[in-house]
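Notes for the one structure printed next.
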Amino acid sequence: MTDRRPHLLLVRHAEAEHYSAACSDPGLTARGRRQSQLLADWLGKNTPDILFSSTLRRAADTARAVAERTGLPVGWDARLREVGTCRPDGRPLEGAGLGGVGLPPRERPLESVFPGAESWVEFRVRVGLAMDRVLAATAAAGGRAAVVCHGGVLDALLDNIVDADVCSPVEVAWANTAVTHLEHRPRETGSPWVLHSHNTRPHLKDEQLDAWTEAAR
């Protein structure tokens, strides 16, 4: 098959329960489960060629809903996990989460998020490797992928795209189950990335949800 330009439908996971001392990998709320079903119905009508997901529960449960509706297998990738949930070498670090971190990891990019965990700079490398895999597989599969991940992953991808020295000075909102559409065109002159849409939720238009409030969850 001739490779086509990869189009990525980047999705932040559905609304999740809060972190707690007893649960560092929370699942979805009842509202989040509804969001994931509505997202799945929408992607069922706009079916991608391939599906990837983080292995953390909130993303995995969102991706499973999409997989059930579209019939696509999930390409699980631990490198798509949230910042601070892997070691510096990219191996998953169980029992870690963002609850109680203090300063956001991007504001102290060279420090470990948790003892034994990666820094923001190391996280960016991890996300870059994951996206290299996604782009290659997407081009080979037909050109269109859905990627279910986390706000931190999307921030790191943005930093990598703009080639920020440490981190981008722009903070971007990523609402639960919102879809951001990026096109990659590496063989052409000019920018290798095209942003077609950002943070859109056509599947949730009947709920009148506040994207700014959700982006902070």
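Following the order of the structure tokens, first chain is A, next is B, and so on, with residues numbered from 1 inside each chain and ligands from 1 in the order they appear.
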
Please provide the set of residues having any atom within 6 Å of region 122-136 of chain A, restricted to only C-alpha atoms, with same-chain residues fewer than 4 positions apart removed, written as a list of chain:residue names.
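The filter keeps A:Arg79, A:Glu118, A:Ala156.
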
If you run DSSP on the backbone, which residues of region 16-128 of chain A are alpha helix (DSSP H), as a count of residues only?
39

Exercise: region 37-54 of chain A partners within 7 Å, only C-alpha atoms, chain neighbours under 2 positions left out, as a ChimeraX atom specification
/A:33-35,56,59-60,63,65-66,69-70,72-78,80-81,138,141-149,177,203-204

Pairwise distance for CA of Ala139 (chain A) and CA of Arg185 (chain A), rounded to one decimal in Å:
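Result for CA of Ala139 (chain A) versus CA of Arg185 (chain A): 10.5 Å, one decimal.
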
If DSSP is run on the backbone, what residues of region 88-204 of chain A are strand (DSSP E or B)? A reply as an MDAnalysis selection string would be ideal.
chainID A and resid 92 144:149 179:184 193:200

Print the selection's residues with N, CA, C and O atoms to a file, as an mmCIF file, in the first residue's frame.
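Okay, this is what ended up in again.cif:
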data_model
loop_
_atom_site.group_PDB
_atom_site.id
_atom_site.type_symbol
_atom_site.label_atom_id
_atom_site.label_comp_id
_atom_site.auth_asym_id
_atom_site.auth_seq_id
_atom_site.Cartn_x
_atom_site.Cartn_y
_atom_site.Cartn_z
ATOM 1 N N PRO A 92 7.010 1.669 32.545
ATOM 2 C CA PRO A 92 5.931 2.115 33.437
ATOM 3 C C PRO A 92 6.343 2.079 34.900
ATOM 4 O O PRO A 92 7.035 1.169 35.345
ATOM 5 N N ARG A 144 -5.140 7.505 8.718
ATOM 6 C CA ARG A 144 -5.985 8.187 9.695
ATOM 7 C C ARG A 144 -6.021 7.392 10.995
ATOM 8 O O ARG A 144 -6.439 6.241 11.008
ATOM 9 N N ALA A 145 -5.569 8.014 12.093
ATOM 10 C CA ALA A 145 -5.523 7.323 13.380
ATOM 11 C C ALA A 145 -6.255 8.110 14.446
ATOM 12 O O ALA A 145 -6.255 9.337 14.444
ATOM 13 N N ALA A 146 -6.853 7.378 15.390
ATOM 14 C CA ALA A 146 -7.357 7.976 16.625
ATOM 15 C C ALA A 146 -6.376 7.582 17.726
ATOM 16 O O ALA A 146 -5.998 6.416 17.838
ATOM 17 N N VAL A 147 -5.963 8.573 18.511
ATOM 18 C CA VAL A 147 -4.986 8.338 19.570
ATOM 19 C C VAL A 147 -5.598 8.844 20.880
ATOM 20 O O VAL A 147 -5.811 10.045 21.046
ATOM 21 N N VAL A 148 -5.894 7.925 21.804
ATOM 22 C CA VAL A 148 -6.488 8.281 23.087
ATOM 23 C C VAL A 148 -5.372 8.386 24.122
ATOM 24 O O VAL A 148 -4.658 7.409 24.373
ATOM 25 N N CYS A 149 -5.224 9.565 24.706
ATOM 26 C CA CYS A 149 -4.101 9.762 25.625
ATOM 27 C C CYS A 149 -4.484 10.757 26.713
ATOM 28 O O CYS A 149 -5.599 10.714 27.219
ATOM 29 N N VAL A 179 -11.479 16.342 20.453
ATOM 30 C CA VAL A 179 -10.683 15.828 19.328
ATOM 31 C C VAL A 179 -9.878 16.966 18.711
ATOM 32 O O VAL A 179 -10.433 18.015 18.370
ATOM 33 N N THR A 180 -8.588 16.752 18.582
ATOM 34 C CA THR A 180 -7.707 17.680 17.872
ATOM 35 C C THR A 180 -7.173 16.962 16.641
ATOM 36 O O THR A 180 -6.641 15.855 16.745
ATOM 37 N N HIS A 181 -7.341 17.591 15.478
ATOM 38 C CA HIS A 181 -6.975 16.965 14.208
ATOM 39 C C HIS A 181 -5.687 17.590 13.677
ATOM 40 O O HIS A 181 -5.645 18.762 13.319
ATOM 41 N N LEU A 182 -4.628 16.779 13.626
ATOM 42 C CA LEU A 182 -3.339 17.196 13.073
ATOM 43 C C LEU A 182 -3.003 16.359 11.847
ATOM 44 O O LEU A 182 -3.264 15.155 11.820
ATOM 45 N N GLU A 183 -2.433 17.000 10.856
ATOM 46 C CA GLU A 183 -1.943 16.307 9.660
ATOM 47 C C GLU A 183 -0.421 16.443 9.604
ATOM 48 O O GLU A 183 0.125 17.521 9.842
ATOM 49 N N HIS A 184 0.244 15.334 9.309
ATOM 50 C CA HIS A 184 1.697 15.350 9.203
ATOM 51 C C HIS A 184 2.095 15.210 7.735
ATOM 52 O O HIS A 184 1.644 14.309 7.053
ATOM 53 N N TRP A 193 3.625 20.163 9.893
ATOM 54 C CA TRP A 193 2.373 19.884 10.585
ATOM 55 C C TRP A 193 1.301 20.881 10.161
ATOM 56 O O TRP A 193 1.575 22.057 9.980
ATOM 57 N N VAL A 194 0.072 20.372 10.039
ATOM 58 C CA VAL A 194 -1.088 21.219 9.761
ATOM 59 C C VAL A 194 -2.129 20.954 10.847
ATOM 60 O O VAL A 194 -2.515 19.808 11.076
ATOM 61 N N LEU A 195 -2.551 22.018 11.532
ATOM 62 C CA LEU A 195 -3.616 21.906 12.528
ATOM 63 C C LEU A 195 -4.945 22.192 11.839
ATOM 64 O O LEU A 195 -5.207 23.313 11.425
ATOM 65 N N HIS A 196 -5.779 21.170 11.725
ATOM 66 C CA HIS A 196 -7.079 21.328 11.071
ATOM 67 C C HIS A 196 -8.158 21.779 12.064
ATOM 68 O O HIS A 196 -9.039 22.558 11.707
ATOM 69 N N SER A 197 -8.091 21.275 13.280
ATOM 70 C CA SER A 197 -9.058 21.682 14.303
ATOM 71 C C SER A 197 -8.489 21.346 15.672
ATOM 72 O O SER A 197 -7.649 20.449 15.815
ATOM 73 N N HIS A 198 -8.973 22.081 16.680
ATOM 74 C CA HIS A 198 -8.452 21.871 18.031
ATOM 75 C C HIS A 198 -9.591 21.827 19.049
ATOM 76 O O HIS A 198 -10.505 22.660 19.021
ATOM 77 N N ASN A 199 -9.535 20.824 19.933
ATOM 78 C CA ASN A 199 -10.422 20.759 21.092
ATOM 79 C C ASN A 199 -11.909 20.780 20.715
ATOM 80 O O ASN A 199 -12.721 21.406 21.395
ATOM 81 N N THR A 200 -12.263 20.107 19.639
ATOM 82 C CA THR A 200 -13.653 20.073 19.195
ATOM 83 C C THR A 200 -14.366 18.850 19.777
ATOM 84 O O THR A 200 -13.764 17.787 19.949
#

For Ser36 (chain A), which of A:Gly152, A:Ala178, A:Val172, A:Pro192 is the closest residue, counting only C-alpha atoms?
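Answer, going by the shortest atom-to-atom distance: A:Ala178.
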